[in-house]
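*Asks:* This is entry.cif (mmCIF, N, CA and C atoms and all ligand atoms).
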```
data_target
#
loop_
_atom_site.label_atom_id
_atom_site.label_comp_id
_atom_site.auth_asym_id
_atom_site.auth_seq_id
_atom_site.Cartn_x
_atom_site.Cartn_y
_atom_site.Cartn_z
N MET T 597 8.97 18.69 -2.44
CA MET T 597 9.61 17.39 -2.24
C MET T 597 8.74 16.29 -2.84
N THR T 598 9.34 15.51 -3.68
CA THR T 598 8.59 14.42 -4.31
C THR T 598 8.43 13.26 -3.34
N ARG T 599 7.19 12.83 -3.18
CA ARG T 599 6.91 11.70 -2.31
C ARG T 599 7.08 10.41 -3.09
N ARG T 600 7.66 9.43 -2.42
CA ARG T 600 7.93 8.14 -3.07
C ARG T 600 6.95 7.09 -2.55
N ILE T 601 6.28 6.44 -3.46
CA ILE T 601 5.28 5.43 -3.10
C ILE T 601 5.73 4.06 -3.59
N LEU T 602 5.65 3.09 -2.71
CA LEU T 602 5.96 1.70 -3.07
C LEU T 602 4.65 0.94 -3.31
N VAL T 603 4.52 0.35 -4.47
CA VAL T 603 3.32 -0.43 -4.82
C VAL T 603 3.69 -1.91 -4.92
N ILE T 604 3.07 -2.73 -4.06
CA ILE T 604 3.37 -4.17 -4.06
C ILE T 604 2.12 -4.93 -4.48
N ASP T 605 2.18 -5.59 -5.61
CA ASP T 605 1.04 -6.39 -6.10
C ASP T 605 1.58 -7.38 -7.12
N ASP T 606 1.05 -8.61 -7.08
CA ASP T 606 1.53 -9.61 -8.03
C ASP T 606 0.88 -9.46 -9.40
N ASP T 607 -0.16 -8.61 -9.49
CA ASP T 607 -0.84 -8.39 -10.76
C ASP T 607 -0.21 -7.19 -11.48
N ALA T 608 0.46 -7.47 -12.60
CA ALA T 608 1.19 -6.42 -13.32
C ALA T 608 0.25 -5.30 -13.76
N ALA T 609 -0.97 -5.64 -14.13
CA ALA T 609 -1.92 -4.62 -14.61
C ALA T 609 -2.29 -3.67 -13.47
N VAL T 610 -2.45 -4.22 -12.27
CA VAL T 610 -2.77 -3.39 -11.10
C VAL T 610 -1.59 -2.47 -10.78
N ARG T 611 -0.38 -3.04 -10.79
CA ARG T 611 0.81 -2.22 -10.53
C ARG T 611 0.89 -1.06 -11.52
N GLU T 612 0.69 -1.38 -12.78
CA GLU T 612 0.80 -0.39 -13.85
C GLU T 612 -0.25 0.71 -13.70
N THR T 613 -1.48 0.30 -13.41
CA THR T 613 -2.58 1.27 -13.28
C THR T 613 -2.35 2.22 -12.11
N ILE T 614 -1.94 1.65 -10.98
CA ILE T 614 -1.70 2.49 -9.79
C ILE T 614 -0.50 3.40 -10.05
N MET T 615 0.52 2.85 -10.67
CA MET T 615 1.71 3.64 -10.96
C MET T 615 1.35 4.85 -11.82
N GLN T 616 0.57 4.60 -12.85
CA GLN T 616 0.18 5.67 -13.77
C GLN T 616 -0.64 6.74 -13.04
N THR T 617 -1.57 6.28 -12.22
CA THR T 617 -2.43 7.19 -11.46
C THR T 617 -1.62 8.10 -10.55
N LEU T 618 -0.67 7.51 -9.83
CA LEU T 618 0.11 8.29 -8.86
C LEU T 618 1.18 9.12 -9.56
N ASP T 619 1.72 8.58 -10.64
CA ASP T 619 2.71 9.33 -11.43
C ASP T 619 2.09 10.62 -11.97
N GLU T 620 0.86 10.52 -12.47
CA GLU T 620 0.15 11.70 -12.99
C GLU T 620 -0.04 12.77 -11.92
N ARG T 621 -0.08 12.32 -10.67
CA ARG T 621 -0.29 13.27 -9.57
C ARG T 621 1.03 13.71 -8.93
N GLY T 622 2.12 13.38 -9.57
CA GLY T 622 3.40 13.91 -9.13
C GLY T 622 4.19 13.08 -8.14
N TYR T 623 3.71 11.88 -7.89
CA TYR T 623 4.45 11.00 -6.98
C TYR T 623 5.50 10.21 -7.75
N GLU T 624 6.57 9.87 -7.07
CA GLU T 624 7.52 8.91 -7.62
C GLU T 624 7.05 7.53 -7.19
N VAL T 625 6.97 6.61 -8.11
CA VAL T 625 6.42 5.29 -7.81
C VAL T 625 7.42 4.19 -8.10
N ILE T 626 7.60 3.30 -7.13
CA ILE T 626 8.39 2.10 -7.37
C ILE T 626 7.47 0.90 -7.12
N THR T 627 7.75 -0.21 -7.79
CA THR T 627 6.84 -1.35 -7.69
C THR T 627 7.60 -2.62 -7.35
N ALA T 628 6.86 -3.58 -6.78
CA ALA T 628 7.41 -4.89 -6.49
C ALA T 628 6.29 -5.92 -6.68
N GLU T 629 6.65 -7.12 -7.10
CA GLU T 629 5.60 -8.09 -7.44
C GLU T 629 5.27 -9.08 -6.33
N ASN T 630 5.95 -8.97 -5.20
CA ASN T 630 5.54 -9.77 -4.03
C ASN T 630 6.12 -9.12 -2.77
N GLY T 631 5.72 -9.63 -1.62
CA GLY T 631 6.11 -9.00 -0.37
C GLY T 631 7.60 -9.02 -0.11
N ALA T 632 8.25 -10.10 -0.50
CA ALA T 632 9.70 -10.20 -0.26
C ALA T 632 10.44 -9.13 -1.05
N LEU T 633 10.06 -8.97 -2.32
CA LEU T 633 10.69 -7.93 -3.14
C LEU T 633 10.28 -6.55 -2.65
N GLY T 634 9.06 -6.44 -2.15
CA GLY T 634 8.58 -5.18 -1.62
C GLY T 634 9.37 -4.74 -0.40
N LEU T 635 9.65 -5.71 0.46
CA LEU T 635 10.43 -5.42 1.66
C LEU T 635 11.84 -4.96 1.29
N ALA T 636 12.41 -5.63 0.32
CA ALA T 636 13.76 -5.25 -0.16
C ALA T 636 13.71 -3.84 -0.74
N ALA T 637 12.66 -3.54 -1.49
CA ALA T 637 12.53 -2.20 -2.08
C ALA T 637 12.34 -1.14 -1.00
N SER T 638 11.61 -1.50 0.05
CA SER T 638 11.40 -0.57 1.16
C SER T 638 12.72 -0.23 1.84
N ARG T 639 13.54 -1.25 2.04
CA ARG T 639 14.85 -1.01 2.68
C ARG T 639 15.74 -0.16 1.79
N ARG T 640 15.68 -0.43 0.49
CA ARG T 640 16.56 0.25 -0.46
C ARG T 640 16.12 1.68 -0.71
N ALA T 641 14.82 1.88 -0.93
CA ALA T 641 14.33 3.16 -1.43
C ALA T 641 13.66 4.04 -0.37
N ARG T 642 13.41 3.49 0.83
CA ARG T 642 12.80 4.26 1.92
C ARG T 642 11.58 5.06 1.44
N PRO T 643 10.55 4.37 0.95
CA PRO T 643 9.37 5.08 0.46
C PRO T 643 8.64 5.83 1.58
N ASP T 644 7.85 6.83 1.19
CA ASP T 644 7.06 7.59 2.16
C ASP T 644 5.76 6.88 2.51
N LEU T 645 5.34 5.98 1.63
CA LEU T 645 4.08 5.25 1.83
C LEU T 645 4.14 3.96 1.02
N ALA T 646 3.50 2.92 1.53
CA ALA T 646 3.44 1.66 0.78
C ALA T 646 1.98 1.26 0.56
N ILE T 647 1.71 0.78 -0.65
CA ILE T 647 0.41 0.20 -0.98
C ILE T 647 0.67 -1.28 -1.22
N THR T 648 -0.04 -2.15 -0.50
CA THR T 648 0.22 -3.57 -0.72
C THR T 648 -1.05 -4.39 -0.92
N ASP T 649 -0.95 -5.28 -1.88
CA ASP T 649 -1.95 -6.31 -2.12
C ASP T 649 -1.84 -7.31 -0.96
N ILE T 650 -2.85 -8.18 -0.82
CA ILE T 650 -2.80 -9.17 0.25
C ILE T 650 -2.44 -10.57 -0.30
N VAL T 651 -3.17 -11.00 -1.32
CA VAL T 651 -2.92 -12.35 -1.85
C VAL T 651 -1.84 -12.29 -2.92
N MET T 652 -0.66 -12.79 -2.54
CA MET T 652 0.50 -12.77 -3.44
C MET T 652 1.36 -13.99 -3.16
N PRO T 653 2.12 -14.45 -4.14
CA PRO T 653 3.07 -15.54 -3.90
C PRO T 653 4.30 -15.04 -3.14
N VAL T 654 5.11 -15.95 -2.71
CA VAL T 654 6.41 -15.72 -2.05
C VAL T 654 6.23 -15.15 -0.64
N MET T 655 5.75 -13.93 -0.54
CA MET T 655 5.37 -13.40 0.77
C MET T 655 4.06 -12.65 0.61
N GLU T 656 3.01 -13.15 1.32
CA GLU T 656 1.69 -12.52 1.14
C GLU T 656 1.62 -11.20 1.92
N GLY T 657 0.51 -10.51 1.74
CA GLY T 657 0.42 -9.13 2.20
C GLY T 657 0.36 -8.94 3.71
N LEU T 658 -0.28 -9.88 4.42
CA LEU T 658 -0.38 -9.68 5.87
C LEU T 658 1.00 -9.77 6.51
N GLN T 659 1.77 -10.76 6.08
CA GLN T 659 3.14 -10.88 6.57
C GLN T 659 3.95 -9.65 6.16
N THR T 660 3.72 -9.19 4.95
CA THR T 660 4.42 -8.00 4.45
C THR T 660 4.11 -6.78 5.32
N ILE T 661 2.84 -6.63 5.68
CA ILE T 661 2.45 -5.50 6.53
C ILE T 661 3.14 -5.60 7.90
N ARG T 662 3.16 -6.82 8.45
CA ARG T 662 3.84 -7.03 9.74
C ARG T 662 5.31 -6.58 9.67
N GLU T 663 5.98 -7.02 8.62
CA GLU T 663 7.41 -6.70 8.47
C GLU T 663 7.63 -5.20 8.23
N LEU T 664 6.81 -4.62 7.36
CA LEU T 664 6.95 -3.18 7.09
C LEU T 664 6.68 -2.37 8.35
N ARG T 665 5.67 -2.79 9.10
CA ARG T 665 5.31 -2.09 10.33
C ARG T 665 6.47 -2.13 11.33
N ARG T 666 7.13 -3.29 11.39
CA ARG T 666 8.25 -3.47 12.31
C ARG T 666 9.45 -2.61 11.90
N GLU T 667 9.73 -2.60 10.59
CA GLU T 667 10.91 -1.88 10.11
C GLU T 667 10.68 -0.38 9.95
N ARG T 668 9.43 -0.03 9.59
CA ARG T 668 9.09 1.39 9.32
C ARG T 668 7.81 1.74 10.07
N PRO T 669 7.89 1.86 11.40
CA PRO T 669 6.67 2.03 12.22
C PRO T 669 5.81 3.23 11.83
N ALA T 670 6.42 4.29 11.30
CA ALA T 670 5.66 5.51 11.01
C ALA T 670 5.19 5.60 9.56
N MET T 671 5.57 4.65 8.73
CA MET T 671 5.21 4.73 7.31
C MET T 671 3.76 4.31 7.10
N PRO T 672 2.96 5.17 6.47
CA PRO T 672 1.58 4.77 6.16
C PRO T 672 1.55 3.58 5.20
N ILE T 673 0.63 2.66 5.48
CA ILE T 673 0.43 1.50 4.61
C ILE T 673 -1.04 1.47 4.19
N VAL T 674 -1.26 1.29 2.91
CA VAL T 674 -2.60 1.12 2.37
C VAL T 674 -2.71 -0.30 1.85
N ALA T 675 -3.68 -1.08 2.37
CA ALA T 675 -3.86 -2.46 1.93
C ALA T 675 -4.98 -2.53 0.90
N ILE T 676 -4.76 -3.31 -0.15
CA ILE T 676 -5.78 -3.47 -1.20
C ILE T 676 -6.01 -4.95 -1.44
N SER T 677 -7.26 -5.34 -1.60
CA SER T 677 -7.55 -6.74 -1.90
C SER T 677 -8.95 -6.87 -2.47
N CYS T 678 -9.19 -7.99 -3.12
CA CYS T 678 -10.51 -8.23 -3.71
C CYS T 678 -11.54 -8.45 -2.61
N GLY T 679 -12.76 -7.99 -2.85
CA GLY T 679 -13.84 -8.18 -1.89
C GLY T 679 -14.48 -9.55 -2.06
N SER T 680 -15.09 -10.02 -1.01
CA SER T 680 -15.90 -11.24 -1.12
C SER T 680 -17.22 -10.84 -1.77
N HIS T 681 -18.15 -11.78 -1.93
CA HIS T 681 -19.45 -11.44 -2.53
C HIS T 681 -20.22 -10.48 -1.63
N ALA T 682 -19.88 -10.45 -0.34
CA ALA T 682 -20.56 -9.51 0.57
C ALA T 682 -19.94 -8.12 0.48
N GLY T 683 -18.92 -7.97 -0.39
CA GLY T 683 -18.29 -6.67 -0.55
C GLY T 683 -17.33 -6.35 0.59
N ARG T 684 -17.09 -7.35 1.41
CA ARG T 684 -16.16 -7.16 2.51
C ARG T 684 -15.03 -8.16 2.36
N ASN T 685 -13.98 -7.93 3.07
CA ASN T 685 -12.86 -8.85 2.99
C ASN T 685 -12.23 -8.94 4.38
N VAL T 686 -12.36 -10.11 4.98
CA VAL T 686 -11.86 -10.28 6.35
C VAL T 686 -10.35 -10.08 6.40
N LEU T 687 -9.67 -10.36 5.27
CA LEU T 687 -8.22 -10.15 5.24
C LEU T 687 -7.88 -8.67 5.41
N LEU T 688 -8.75 -7.82 4.87
CA LEU T 688 -8.50 -6.38 5.02
C LEU T 688 -8.77 -5.92 6.46
N ASP T 689 -9.70 -6.58 7.13
CA ASP T 689 -9.91 -6.29 8.55
C ASP T 689 -8.65 -6.63 9.34
N ILE T 690 -8.06 -7.78 9.01
CA ILE T 690 -6.82 -8.19 9.68
C ILE T 690 -5.70 -7.22 9.34
N ALA T 691 -5.66 -6.82 8.06
CA ALA T 691 -4.63 -5.87 7.64
C ALA T 691 -4.69 -4.59 8.48
N ARG T 692 -5.91 -4.14 8.73
CA ARG T 692 -6.08 -2.94 9.54
C ARG T 692 -5.59 -3.17 10.97
N GLN T 693 -5.93 -4.35 11.50
CA GLN T 693 -5.47 -4.69 12.86
C GLN T 693 -3.94 -4.74 12.94
N LEU T 694 -3.32 -5.14 11.82
CA LEU T 694 -1.86 -5.25 11.80
C LEU T 694 -1.19 -3.89 11.57
N GLY T 695 -2.00 -2.88 11.29
CA GLY T 695 -1.41 -1.55 11.20
C GLY T 695 -1.57 -0.83 9.88
N ALA T 696 -2.36 -1.40 8.95
CA ALA T 696 -2.64 -0.66 7.71
C ALA T 696 -3.49 0.56 8.07
N TRP T 697 -3.13 1.73 7.54
CA TRP T 697 -3.87 2.95 7.85
C TRP T 697 -5.18 2.99 7.09
N GLU T 698 -5.13 2.48 5.87
CA GLU T 698 -6.30 2.51 5.00
C GLU T 698 -6.44 1.15 4.32
N VAL T 699 -7.66 0.74 4.04
CA VAL T 699 -7.87 -0.47 3.25
C VAL T 699 -8.87 -0.15 2.14
N LEU T 700 -8.65 -0.76 0.98
CA LEU T 700 -9.52 -0.53 -0.17
C LEU T 700 -9.84 -1.87 -0.82
N VAL T 701 -11.12 -2.08 -1.10
CA VAL T 701 -11.55 -3.31 -1.76
C VAL T 701 -11.44 -3.13 -3.27
N LYS T 702 -10.75 -4.07 -3.94
CA LYS T 702 -10.66 -4.05 -5.40
C LYS T 702 -11.99 -4.52 -6.00
N PRO T 703 -12.43 -3.98 -7.11
CA PRO T 703 -11.81 -2.86 -7.82
C PRO T 703 -12.22 -1.54 -7.17
N PHE T 704 -11.25 -0.67 -6.95
CA PHE T 704 -11.54 0.61 -6.31
C PHE T 704 -11.38 1.74 -7.31
N ASP T 705 -11.97 2.87 -6.97
CA ASP T 705 -11.85 4.05 -7.80
C ASP T 705 -10.44 4.65 -7.64
N LEU T 706 -9.79 4.93 -8.74
CA LEU T 706 -8.40 5.40 -8.67
C LEU T 706 -8.29 6.78 -8.03
N ASP T 707 -9.30 7.62 -8.24
CA ASP T 707 -9.29 8.92 -7.57
C ASP T 707 -9.40 8.74 -6.06
N GLU T 708 -10.19 7.73 -5.66
CA GLU T 708 -10.35 7.43 -4.24
C GLU T 708 -9.00 6.97 -3.65
N LEU T 709 -8.31 6.12 -4.37
CA LEU T 709 -6.98 5.68 -3.91
C LEU T 709 -6.05 6.88 -3.75
N ALA T 710 -6.03 7.74 -4.77
CA ALA T 710 -5.16 8.91 -4.72
C ALA T 710 -5.52 9.80 -3.53
N ALA T 711 -6.82 9.93 -3.27
CA ALA T 711 -7.26 10.77 -2.13
C ALA T 711 -6.79 10.18 -0.81
N ARG T 712 -6.89 8.85 -0.69
CA ARG T 712 -6.46 8.20 0.55
C ARG T 712 -4.95 8.37 0.74
N VAL T 713 -4.21 8.22 -0.36
CA VAL T 713 -2.75 8.38 -0.30
C VAL T 713 -2.41 9.79 0.16
N GLU T 714 -3.07 10.77 -0.45
CA GLU T 714 -2.80 12.16 -0.11
C GLU T 714 -3.12 12.42 1.36
N CYS T 715 -4.22 11.85 1.82
CA CYS T 715 -4.64 12.02 3.21
C CYS T 715 -3.59 11.42 4.16
N CYS T 716 -3.12 10.23 3.84
CA CYS T 716 -2.11 9.58 4.68
C CYS T 716 -0.82 10.40 4.76
N LEU T 717 -0.50 11.09 3.66
CA LEU T 717 0.76 11.83 3.61
C LEU T 717 0.60 13.28 4.08
N SER T 718 -0.63 13.65 4.39
CA SER T 718 -0.89 15.00 4.85
C SER T 718 -0.28 15.20 6.24
N PRO T 719 0.37 16.34 6.46
CA PRO T 719 0.98 16.59 7.77
C PRO T 719 -0.07 16.69 8.89
N ARG T 720 -1.33 16.93 8.48
CA ARG T 720 -2.39 17.01 9.49
C ARG T 720 -2.71 15.65 10.07
N TRP T 721 -2.36 14.62 9.30
CA TRP T 721 -2.68 13.26 9.70
C TRP T 721 -1.72 12.81 10.80
N VAL T 722 -2.26 12.39 11.92
CA VAL T 722 -1.41 11.90 12.99
C VAL T 722 -1.60 10.40 13.13
N SER T 723 -0.51 9.68 13.08
CA SER T 723 -0.58 8.22 13.17
C SER T 723 -1.17 7.80 14.52
N PRO T 724 -2.07 6.81 14.52
CA PRO T 724 -2.65 6.36 15.79
C PRO T 724 -1.60 5.71 16.70
MG MG T 801 -2.77 -10.61 -5.64
#
```
Please rewrite the model in this file as C-alpha cells.

*Replies:*
Amino acid sequence: MTRRILVIDDDAAVRETIMQTLDERGYEVITAENGALGLAASRRARPDLAITDIVMPVMEGLQTIRELRRERPAMPIVAISCGSHAGRNVLLDIARQLGAWEVLVKPFDLDELAARVECCLSPRWVSP
C-alpha cells in the first residue's frame, strides 16, 4: 500500500526537495504552500502523514497543526522550521506541545527526515 504524505511549506525549493526524497522512497507526495491549502489538501486526499513548516503566510504552521490535530487526531505530523542561533526553535517546542510527533530543525538531513517519516508510519509506533 502506497503511503501518502502531505508536505506544507511556503518555500518551493523545500517542497520540491522533500517531495523528491520521499518519492524516491516510494511514497506518494502531495504539496501545499500554506496551512490553509494544506488543510484543504488533507480533507481532500486524506494523507497518512503530514509534514508542515511553521512560518508561512495565510495560515502559519502552529495553527495548521492545531487544525490537523482536531480533524485527524491519529495522523502523524512532523514539524519543520529554521533553528535560532542556539540551534533550537521555541516554535518547534510549541509544535510538539500541540501534537507534532516529530520536529526537525532546518536545514535537516534528508535521510533523517525519511527515517522519522518511516518511524511515524511504522505499525510498531503507538501514538501517545
Ligand atoms: Mg516558511

*Asks:* Produce as number ranges by chain the set of residues near ligand MG 801 (chain T), where near means within 6 Å with only N, CA and C atoms and all ligand atoms considered.

*Replies:* T: 605-607, 649-652

*Asks:* Point out the residue among T:Thr648, T:Ser718, T:Ser638, T:Thr617 with the least atom-to-atom distance to Val674 (chain T), counting all atoms listed in the file.

*Replies:*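 Of the candidates, the smallest distance to Val674 (chain T) is held by T:Thr648.
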
*Asks:* Could you please determine the separation between CA of Glu620 (chain T) and CA of Pro653 (chain T) in Å, to one decimal place?

*Replies:* 28.9 Å

*Asks:* What is the distance, in Å and to one decimal place, between CA of Arg600 (chain T) and CA of Val686 (chain T)?

*Replies:*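 Interatomic distance here is 28.6 Å.
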
*Asks:* Which value, in Å to one decimal, gives the distance between CA of Ala608 (chain T) and atom N of Met655 (chain T)?

*Replies:*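 A separation of 15.5 Å between them.
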
*Asks:* Between T:Ala710, T:Val699, T:Leu645, T:Cys715, which residue has the minimum interatomic distance to Met671 (chain T), considering all atoms listed in the file?

*Replies:*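 Of all the options, T:Leu645 lies closest to Met671 (chain T).
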
*Asks:* Would you list, as a short mmCIF file (atom, residue, chain, number, x, y, z; two decimals) with N, CA and C atoms, keeping the file's coordinate frame, the residues of chain T that end up in strand (DSSP E or B) under DSSP run on this structure's backbone?

*Replies:*
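Done, and the output landed in result-v6.cif:
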```cif
data_model
loop_
_atom_site.label_atom_id
_atom_site.label_comp_id
_atom_site.auth_asym_id
_atom_site.auth_seq_id
_atom_site.Cartn_x
_atom_site.Cartn_y
_atom_site.Cartn_z
N ARG T 600 7.66 9.43 -2.42
CA ARG T 600 7.93 8.14 -3.07
C ARG T 600 6.95 7.09 -2.55
N ILE T 601 6.28 6.44 -3.46
CA ILE T 601 5.28 5.43 -3.10
C ILE T 601 5.73 4.06 -3.59
N LEU T 602 5.65 3.09 -2.71
CA LEU T 602 5.96 1.70 -3.07
C LEU T 602 4.65 0.94 -3.31
N VAL T 603 4.52 0.35 -4.47
CA VAL T 603 3.32 -0.43 -4.82
C VAL T 603 3.69 -1.91 -4.92
N ILE T 604 3.07 -2.73 -4.06
CA ILE T 604 3.37 -4.17 -4.06
C ILE T 604 2.12 -4.93 -4.48
N GLU T 624 6.57 9.87 -7.07
CA GLU T 624 7.52 8.91 -7.62
C GLU T 624 7.05 7.53 -7.19
N VAL T 625 6.97 6.61 -8.11
CA VAL T 625 6.42 5.29 -7.81
C VAL T 625 7.42 4.19 -8.10
N ILE T 626 7.60 3.30 -7.13
CA ILE T 626 8.39 2.10 -7.37
C ILE T 626 7.47 0.90 -7.12
N THR T 627 7.75 -0.21 -7.79
CA THR T 627 6.84 -1.35 -7.69
C THR T 627 7.60 -2.62 -7.35
N ALA T 628 6.86 -3.58 -6.78
CA ALA T 628 7.41 -4.89 -6.49
C ALA T 628 6.29 -5.92 -6.68
N LEU T 645 5.34 5.98 1.63
CA LEU T 645 4.08 5.25 1.83
C LEU T 645 4.14 3.96 1.02
N ALA T 646 3.50 2.92 1.53
CA ALA T 646 3.44 1.66 0.78
C ALA T 646 1.98 1.26 0.56
N ILE T 647 1.71 0.78 -0.65
CA ILE T 647 0.41 0.20 -0.98
C ILE T 647 0.67 -1.28 -1.22
N THR T 648 -0.04 -2.15 -0.50
CA THR T 648 0.22 -3.57 -0.72
C THR T 648 -1.05 -4.39 -0.92
N ASP T 649 -0.95 -5.28 -1.88
CA ASP T 649 -1.95 -6.31 -2.12
C ASP T 649 -1.84 -7.31 -0.96
N ILE T 673 0.63 2.66 5.48
CA ILE T 673 0.43 1.50 4.61
C ILE T 673 -1.04 1.47 4.19
N VAL T 674 -1.26 1.29 2.91
CA VAL T 674 -2.60 1.12 2.37
C VAL T 674 -2.71 -0.30 1.85
N ALA T 675 -3.68 -1.08 2.37
CA ALA T 675 -3.86 -2.46 1.93
C ALA T 675 -4.98 -2.53 0.90
N ILE T 676 -4.76 -3.31 -0.15
CA ILE T 676 -5.78 -3.47 -1.20
C ILE T 676 -6.01 -4.95 -1.44
N SER T 677 -7.26 -5.34 -1.60
CA SER T 677 -7.55 -6.74 -1.90
C SER T 677 -8.95 -6.87 -2.47
N CYS T 678 -9.19 -7.99 -3.12
CA CYS T 678 -10.51 -8.23 -3.71
C CYS T 678 -11.54 -8.45 -2.61
N GLU T 698 -5.13 2.48 5.87
CA GLU T 698 -6.30 2.51 5.00
C GLU T 698 -6.44 1.15 4.32
N VAL T 699 -7.66 0.74 4.04
CA VAL T 699 -7.87 -0.47 3.25
C VAL T 699 -8.87 -0.15 2.14
N LEU T 700 -8.65 -0.76 0.98
CA LEU T 700 -9.52 -0.53 -0.17
C LEU T 700 -9.84 -1.87 -0.82
N VAL T 701 -11.12 -2.08 -1.10
CA VAL T 701 -11.55 -3.31 -1.76
C VAL T 701 -11.44 -3.13 -3.27
N LYS T 702 -10.75 -4.07 -3.94
CA LYS T 702 -10.66 -4.05 -5.40
C LYS T 702 -11.99 -4.52 -6.00
#
```

*Asks:* For Pro669 (chain T), which residue among T:Ala696, T:Ile690, T:Val654, T:Val610 is the nearest when counting only C-alpha atoms?

*Replies:*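 Between T:Ala696, T:Ile690, T:Val654, T:Val610, the residue approaching Pro669 (chain T) most closely is T:Ala696.
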
*Asks:* Quick one: of T:Ala646, T:Ala641, T:Val603, T:Ile673, who's nearest to Val625 (chain T), counting only N, CA and C atoms?

*Replies:* T:Val603

*Asks:* Skipping near chain neighbours, those fewer than 2 positions away, what residues fall within 8 Å of Ile661 (chain T) using only N, CA and C atoms, listed as JSON, numbers by chain?

*Replies:* {"T": [631, 648, 655, 656, 657, 658, 659, 663, 664, 665, 666, 667, 673, 691, 694, 695, 696]}

*Asks:* Applying 6 Å and only N, CA and C atoms, which residues near Val701 (chain T) remain after dropping the ones on its own chain fewer than 4 positions away? List them as a list in words.

*Replies:*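 The residues satisfying every condition are Ile676, Ser677, Cys678 and Gly679 of chain T.
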
*Asks:* Please save N, CA and C atoms of the selected residues as a short mmCIF file (atom, residue, chain, number, x, y, z; two decimals), keeping the file's coordinate frame.

*Replies:*
```
data_model
loop_
_atom_site.label_atom_id
_atom_site.label_comp_id
_atom_site.auth_asym_id
_atom_site.auth_seq_id
_atom_site.Cartn_x
_atom_site.Cartn_y
_atom_site.Cartn_z
N ILE T 676 -4.76 -3.31 -0.15
CA ILE T 676 -5.78 -3.47 -1.20
C ILE T 676 -6.01 -4.95 -1.44
N SER T 677 -7.26 -5.34 -1.60
CA SER T 677 -7.55 -6.74 -1.90
C SER T 677 -8.95 -6.87 -2.47
N CYS T 678 -9.19 -7.99 -3.12
CA CYS T 678 -10.51 -8.23 -3.71
C CYS T 678 -11.54 -8.45 -2.61
N GLY T 679 -12.76 -7.99 -2.85
CA GLY T 679 -13.84 -8.18 -1.89
C GLY T 679 -14.48 -9.55 -2.06
#
```

*Asks:* Please identify all polymer residues within 5 Å of Arg599 (chain T), counting only N, CA and C atoms, omitting same-chain residues fewer than 2 positions from it, and present them as a PyMOL selection string.

*Replies:* chain T and resi 597+601+623-624

*Asks:* As a ChimeraX atom specification, please: all residues of chain T that backbone DSSP puts in alpha helix (DSSP H).

*Replies:* /T:608-620,631-641,657-667,686-693,706-717
